[in-house]
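J.: Please see the structure below; I have some questions.
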Amino acid sequence: MTQFGLPILYVVFLWWFSTGAIIYLDGLPRHTYRWSMLGASVLGAAALYGLAATSQDVSVAGAYIAFTCAILIWGWVEMSFLMGLITGSRRTRCPDNARGWRRFLYATQAIIYHELALLISVAAILWVTWGGANQMGLYTFLILWVMRTSTKLNVFLGVRNLNEEWLPDHLRYLESYFRKRPMNLLFPISVTASTVVAVLLVQTAMNPEVSAHQAVMATFLAILMILAILEHWFLVLPLPSQALWNWALRSRQPEPCFRPIRPNIPVANDPDKESPGTGLAAGPSRFRS
C-alpha cells in the first residue's frame with residue numbers, strides 16, 4: 001500500500017498546494033510580482049539543475065526529485081503568464097465580429113509568447129536530461145503541457161464553467177476569447193483519450209515486473225493524468241471546484257479600509273491648540289489616543 005499510497009498523496013498535495021500558491025501570489029498587489037517572480041526564477045533555475053543532476057538516477061528518490069523539479073518549472077511559466085509578464089502580442093479584447101479561424105487567430109496571438117515559453121521550457125528539460133535514464137521530469141512536463149492545451153481549446157470552444165473569476169484584472173480581456181456553452185465536440189475526445197492513457201499508466205504501475213523507480217514514475221504520471229481529467233470535468237459539471245482553493249483567492253479580496261476614530265480632545269495647556277471642535281488641522285499628535 002505504501003508503494004502507491006505515498007506517491008498518490010504526494011502528487012495530490014503538490015497539485016493542490018502549488019495551484020493555490022500561484023493563485024494566491026497572483027492575487028497580491030502588482031508591486032509584489034517582481035519579488036514573486038524572482039523567487040520563482042531561483043526555484044526554476046534550481047529545478048533545472050535538479051533535473052540535470054538526477055537524469056541518471058533511477059531510484060525512487062530520483063523520481064520524486066525529478067517530478068518536483070518539473071512542477072517548479074511549470075509553476076514559473078504559469079506565474080509569468082498570470083502576472084502578465086509573458087502573455088502574447090495581442091492584449092486587447094476579441095472583436096465582437098470575429099468568428100471562426102479569425103477568432104482562433106486572435107486567441108492564439110493573445111497567448112503566443114506563453115506558448116513559446118512552454119516550448120522553450122520543454123527544450124531546456126530535454127537538453128539537461130538528454131540521454132538520461134530518468135525521464136520523470138520530461139514526461140511530467142509533457143503531460144501538463146498537453147492537458148493544459150486541451151483545457152485551453154475546450155475553454156475556447158465553449159464549456160459550462162469558465163472560471164473567469166480566477167483571472168486577475170490585467171488579464172480580464174482574455175474572457176472575450178472564452179465561450180460559454182454546456183459542452184463542445186472536443187471535450188469527449190479529450191476525456192476519452194486521456195482516460196485511456198491514464199489506464200495504461202495505472203497498468204504499468206501495477207505491473208510486478210517493473211522496477212520500483214518505474215512503478216513510482218508510472219504512479220506519478222497516472223495520478224497527474226487523473227487530476228487533469230478531473231479538471232476537465234470541472235469545466236462542464238455544476239461543481240464548485242473553486243472551493244478547493246478558496247484559501248488562495250483571499251489575496252484578491254480588498255482589505256477592510258477604516259481609520260480609528262480618535263476623540264477630538266485637545267491636549268491641556270497646549271498653546272497651539274485650535275478652538276474646541278476644530279482640531280482637524282492640528283494633526284494626530286495633537287490629540288489624545
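Naming scheme: A, B, ... for chains in displayed order of the C-alpha cells; residues 1 onward per chain; ligands 1 onward as shown.
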Which neighbours of Val216 (chain A) fall inside 7 Å, counting only C-alpha atoms, when residues of the same chain fewer than 3 positions from it are skipped, and could you give them as a ChimeraX atom specification?
T.: /A:7,60,63,205,212-213,219-220
J.: Please produce a file of those selected residues containing all heavy atoms, as a compact mmCIF listing (two decimals), in the first residue's frame.
T.:
# COMPACT_ATOMS: atom_id res chain seq x y z
N PRO A 7 3.10 8.02 -3.11
CA PRO A 7 3.14 8.80 -4.35
C PRO A 7 1.82 9.48 -4.68
O PRO A 7 1.80 10.62 -5.14
CB PRO A 7 3.51 7.76 -5.41
CG PRO A 7 4.21 6.68 -4.67
CD PRO A 7 3.53 6.63 -3.33
N VAL A 60 13.95 5.54 -6.38
CA VAL A 60 12.66 6.13 -6.05
C VAL A 60 12.82 7.61 -5.71
O VAL A 60 12.03 8.46 -6.13
CB VAL A 60 12.01 5.38 -4.87
CG1 VAL A 60 10.78 6.12 -4.37
CG2 VAL A 60 11.65 3.95 -5.28
N ALA A 63 13.00 9.75 -8.76
CA ALA A 63 11.69 10.02 -9.37
C ALA A 63 10.99 11.16 -8.65
O ALA A 63 10.41 12.05 -9.28
CB ALA A 63 10.83 8.76 -9.34
N ALA A 205 2.04 0.85 -13.58
CA ALA A 205 2.41 1.00 -12.18
C ALA A 205 2.16 -0.28 -11.38
O ALA A 205 2.91 -0.59 -10.44
CB ALA A 205 1.63 2.15 -11.56
N ALA A 212 11.11 -0.48 -8.99
CA ALA A 212 10.49 0.46 -8.05
C ALA A 212 10.45 1.86 -8.63
O ALA A 212 9.46 2.59 -8.47
CB ALA A 212 11.25 0.45 -6.72
N HIS A 213 11.51 2.25 -9.33
CA HIS A 213 11.55 3.57 -9.95
C HIS A 213 10.47 3.69 -11.01
O HIS A 213 9.74 4.70 -11.07
CB HIS A 213 12.92 3.80 -10.58
CG HIS A 213 13.00 5.03 -11.43
ND1 HIS A 213 13.20 6.28 -10.92
CD2 HIS A 213 12.89 5.19 -12.79
CE1 HIS A 213 13.23 7.17 -11.89
NE2 HIS A 213 13.04 6.53 -13.04
N THR A 219 3.08 5.76 -11.39
CA THR A 219 2.05 6.21 -10.44
C THR A 219 1.92 7.72 -10.46
O THR A 219 0.81 8.27 -10.50
CB THR A 219 2.39 5.74 -9.02
OG1 THR A 219 2.53 4.31 -9.00
CG2 THR A 219 1.30 6.16 -8.04
N PHE A 220 3.06 8.41 -10.45
CA PHE A 220 3.05 9.87 -10.52
C PHE A 220 2.30 10.34 -11.77
O PHE A 220 1.42 11.21 -11.70
CB PHE A 220 4.48 10.41 -10.56
CG PHE A 220 5.14 10.52 -9.22
CD1 PHE A 220 6.52 10.51 -9.11
CD2 PHE A 220 4.39 10.66 -8.07
CE1 PHE A 220 7.14 10.62 -7.88
CE2 PHE A 220 5.00 10.78 -6.83
CZ PHE A 220 6.38 10.76 -6.74
J.: Just want the 9 Å neighbourhood of region 69-76 of chain A, counted on only C-alpha atoms, with same-chain residues fewer than 5 positions away dropped. Output as number ranges by chain.
T.: A: 14-15, 18-19, 22, 37, 40-41, 43-51, 64, 81, 118, 121, 125, 136-141, 144-145
J.: Measure the distance from CA of Val12 (chain A) to CA of Phe67 (chain A) in Å and round it to one decimal.
T.: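 One can read the CA of Val12 (chain A) to CA of Phe67 (chain A) distance as 12.5 Å.
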J.: Tell me which of A:Leu119, A:Leu82, A:Leu201, A:Leu142 sits closest to Leu221 (chain A), counting only C-alpha atoms.
T.: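 Ranking A:Leu119, A:Leu82, A:Leu201, A:Leu142 by distance to Leu221 (chain A), first place goes to A:Leu201.
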J.: What residues in region 65-208 of chain A get the DSSP label helix (DSSP H, G or I)? Please answer as a ChimeraX atom specification.
T.: /A:65-82,100-129,136-157,164-166,169-177,186-205
J.: So the first atom is CA of Pro208 (chain A) and the second is CA of Ile8 (chain A); what is the distance between them in Å, to one decimal place?
T.: 18.0 Å
J.: What does the distance from CA of Val196 (chain A) to CA of Ala218 (chain A) come to in Å, to one decimal?
T.: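 Rounded to one decimal, the two atoms are 13.9 Å apart.
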